[in-house]
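These notes concern the structure reproduced below.
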Amino acid sequence: MFSKSRINEPGPKADADKPKAPEAPMTKPAMDFTPSAPKGKAGASVLSSDLTVVGNLRTTGDIQVEGTVEGDIRAHLLTVGESATIRGEIVADDIVVNGRVIGRVRGLKVRLTSTARVEGDIIHKTIAIESGAHFEGSVQRQEDPLQNGRPAAAARPDVPTTAGEAG
């Protein structure tokens, strides 16, 4: 018969019995950082000219060295800056040397610019040496220069190997 109005009552309202529409997902705030590099491809890691690294570096990405590295480096693309010095083996798909490398260089594509100084052997699939580059060592072309270990000295009958050789 008579009932109180539900407008002023605490508790669920009459609208609560109606099915709710699904809530829209929250959007990201406008302040979120969006990388400028293409998706899945980060920019190169840069080792500045005042940085010295003692130890090995390994990445599937790109590295640009401007400082000093005393150790081996393995990367996808390695750029050795004009002020850089690397003492160790470098292995990468693409290698661009503008500075100094003391050690073996192994890459699918190796490029020594006019300011490059390399003291060590280069094992490559393709190579470009600009006029003015300083290179002291041997150059050897291999179909797969990125394979691990030494360039198959045992497979070359003209190169003797010794049992005490470390490897």
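Chain identifiers are assigned as A, B, and so on, following the order in which chains appear in the structure tokens; residues are numbered from 1 within each chain, and ligands are numbered from 1 in order of appearance.
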
Give me, as a PDB file with N, CA and C atoms, in the first residue's frame, all polymer residues having an atom no more than 8 Å from Gly120 of chain A, counting only C-alpha atoms and skipping those fewer than 5 positions away in the same chain.
ATOM      1  N   VAL A 101      91.589   0.009 -33.197  1.00  0.00           N
ATOM      2  CA  VAL A 101      91.288  -1.344 -32.732  1.00  0.00           C
ATOM      3  C   VAL A 101      92.598  -2.112 -32.675  1.00  0.00           C
ATOM      4  N   ILE A 102      92.878  -2.682 -31.495  1.00  0.00           N
ATOM      5  CA  ILE A 102      94.053  -3.523 -31.326  1.00  0.00           C
ATOM      6  C   ILE A 102      93.521  -4.918 -31.012  1.00  0.00           C
ATOM      7  N   GLY A 103      93.448  -5.752 -32.016  1.00  0.00           N
ATOM      8  CA  GLY A 103      92.893  -7.084 -31.852  1.00  0.00           C
ATOM      9  C   GLY A 103      92.198  -7.529 -33.124  1.00  0.00           C
ATOM     10  N   ARG A 104      91.688  -8.739 -33.092  1.00  0.00           N
ATOM     11  CA  ARG A 104      91.057  -9.314 -34.276  1.00  0.00           C
ATOM     12  C   ARG A 104      89.681  -8.705 -34.528  1.00  0.00           C
ATOM     13  N   VAL A 105      89.358  -8.540 -35.805  1.00  0.00           N
ATOM     14  CA  VAL A 105      88.075  -8.004 -36.248  1.00  0.00           C
ATOM     15  C   VAL A 105      87.387  -9.083 -37.079  1.00  0.00           C
ATOM     16  N   PHE A 135      96.292   0.069 -41.453  1.00  0.00           N
ATOM     17  CA  PHE A 135      95.965  -1.321 -41.150  1.00  0.00           C
ATOM     18  C   PHE A 135      97.234  -2.144 -41.111  1.00  0.00           C
ATOM     19  N   GLU A 136      97.413  -2.883 -40.009  1.00  0.00           N
ATOM     20  CA  GLU A 136      98.579  -3.724 -39.842  1.00  0.00           C
ATOM     21  C   GLU A 136      98.092  -5.101 -39.421  1.00  0.00           C
ATOM     22  N   GLY A 137      98.162  -6.071 -40.310  1.00  0.00           N
ATOM     23  CA  GLY A 137      97.684  -7.419 -40.026  1.00  0.00           C
ATOM     24  C   GLY A 137      97.361  -8.135 -41.317  1.00  0.00           C
ATOM     25  N   SER A 138      96.602  -9.194 -41.203  1.00  0.00           N
ATOM     26  CA  SER A 138      96.217  -9.944 -42.399  1.00  0.00           C
ATOM     27  C   SER A 138      94.718  -9.828 -42.617  1.00  0.00           C
TER      28      SER A 138
END

Residues of segment 92-114 of chain A that have any atom at most 8 Å from an atom of segment 141-146 of chain A: could you tabulate them with the shortest-distance atom pair and the distance in Å to one decimal, using only C-alpha atoms, ordered by chain and increasing number, as JSON lines?
{"residue": "A:Ala92", "atom": "CA", "partner": "A:Leu146", "partner_atom": "CA", "distance": 7.3}
{"residue": "A:Asp93", "atom": "CA", "partner": "A:Leu146", "partner_atom": "CA", "distance": 7.7}
{"residue": "A:Arg106", "atom": "CA", "partner": "A:Pro145", "partner_atom": "CA", "distance": 5.8}
{"residue": "A:Gly107", "atom": "CA", "partner": "A:Pro145", "partner_atom": "CA", "distance": 5.9}
{"residue": "A:Leu108", "atom": "CA", "partner": "A:Pro145", "partner_atom": "CA", "distance": 6.3}

Practice item. Considering only C-alpha atoms, return as a VMD selection string whatever protein or nucleic-acid residues lie within 9 Å of Gly71 of chain A, sequence-local ones (same chain, fewer than 4 positions apart) excluded. Key: chain A and resid 53 to 57 86 to 90

Practice item. For Val96 of chain A, work out the shell of residues within 12 Å, counting only C-alpha atoms and skipping chain neighbours fewer than 6 positions away, then give it as a ChimeraX atom specification. Key: /A:62-65,75-82,84,90,105-118,127-130,133

**Study point:** For atom CA of Gln140 of chain A and atom CA of Ile123 of chain A, the interatomic separation in Å (one decimal)
**Key:**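 Value for the atom CA of Gln140 of chain A-atom CA of Ile123 of chain A distance: 4.9 Å.
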
Practice item. Work out how far apart atom CA of Gly67 of chain A and atom CA of Ser83 of chain A are and give it in Å to one decimal. Key: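 Rounded to one decimal, the two atoms are 6.5 Å apart.
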
Revision key, fill the gap. Separating atom CA of Leu51 of chain A from atom CA of Val91 of chain A, to the nearest tenth of an Å, is a gap of 20.6 Å

Review point. As a VMD selection string, which residues of segment 89-129 of chain A does DSSP assign to strand (DSSP E)?
Key: chain A and resid 90 to 97 100 to 102 105 to 112 117 to 119 122 to 129

Write out the residues from the selection above, keeping C-alpha atoms, as a compact mmCIF listing (two decimals), in the first residue's frame.
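And here is the file that came out, again33.txt:
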# COMPACT_ATOMS: atom_id res chain seq x y z
CA ILE A 90 85.34 -7.39 -32.07
CA VAL A 91 82.63 -9.49 -33.72
CA ALA A 92 79.55 -8.04 -35.43
CA ASP A 93 77.40 -8.31 -38.52
CA ASP A 94 78.41 -4.77 -39.52
CA ILE A 95 81.56 -3.04 -38.28
CA VAL A 96 82.55 0.55 -39.02
CA VAL A 97 85.96 1.56 -37.68
CA ARG A 100 91.65 2.43 -33.10
CA VAL A 101 91.29 -1.34 -32.73
CA ILE A 102 94.05 -3.52 -31.33
CA VAL A 105 88.08 -8.00 -36.25
CA ARG A 106 85.40 -10.46 -37.44
CA GLY A 107 82.39 -9.25 -39.38
CA LEU A 108 80.12 -9.87 -42.33
CA LYS A 109 80.66 -6.30 -43.51
CA VAL A 110 83.78 -4.47 -42.32
CA ARG A 111 84.54 -0.86 -43.21
CA LEU A 112 87.71 1.01 -42.28
CA ARG A 117 93.85 2.39 -37.15
CA VAL A 118 93.63 -1.39 -36.93
CA GLU A 119 96.39 -3.57 -35.53
CA ILE A 122 90.46 -8.96 -40.18
CA ILE A 123 88.15 -11.84 -41.06
CA HIS A 124 85.26 -10.72 -43.22
CA LYS A 125 82.71 -11.56 -45.87
CA THR A 126 82.95 -8.10 -47.48
CA ILE A 127 85.43 -5.33 -46.70
CA ALA A 128 85.98 -1.69 -47.63
CA ILE A 129 89.16 0.19 -46.74
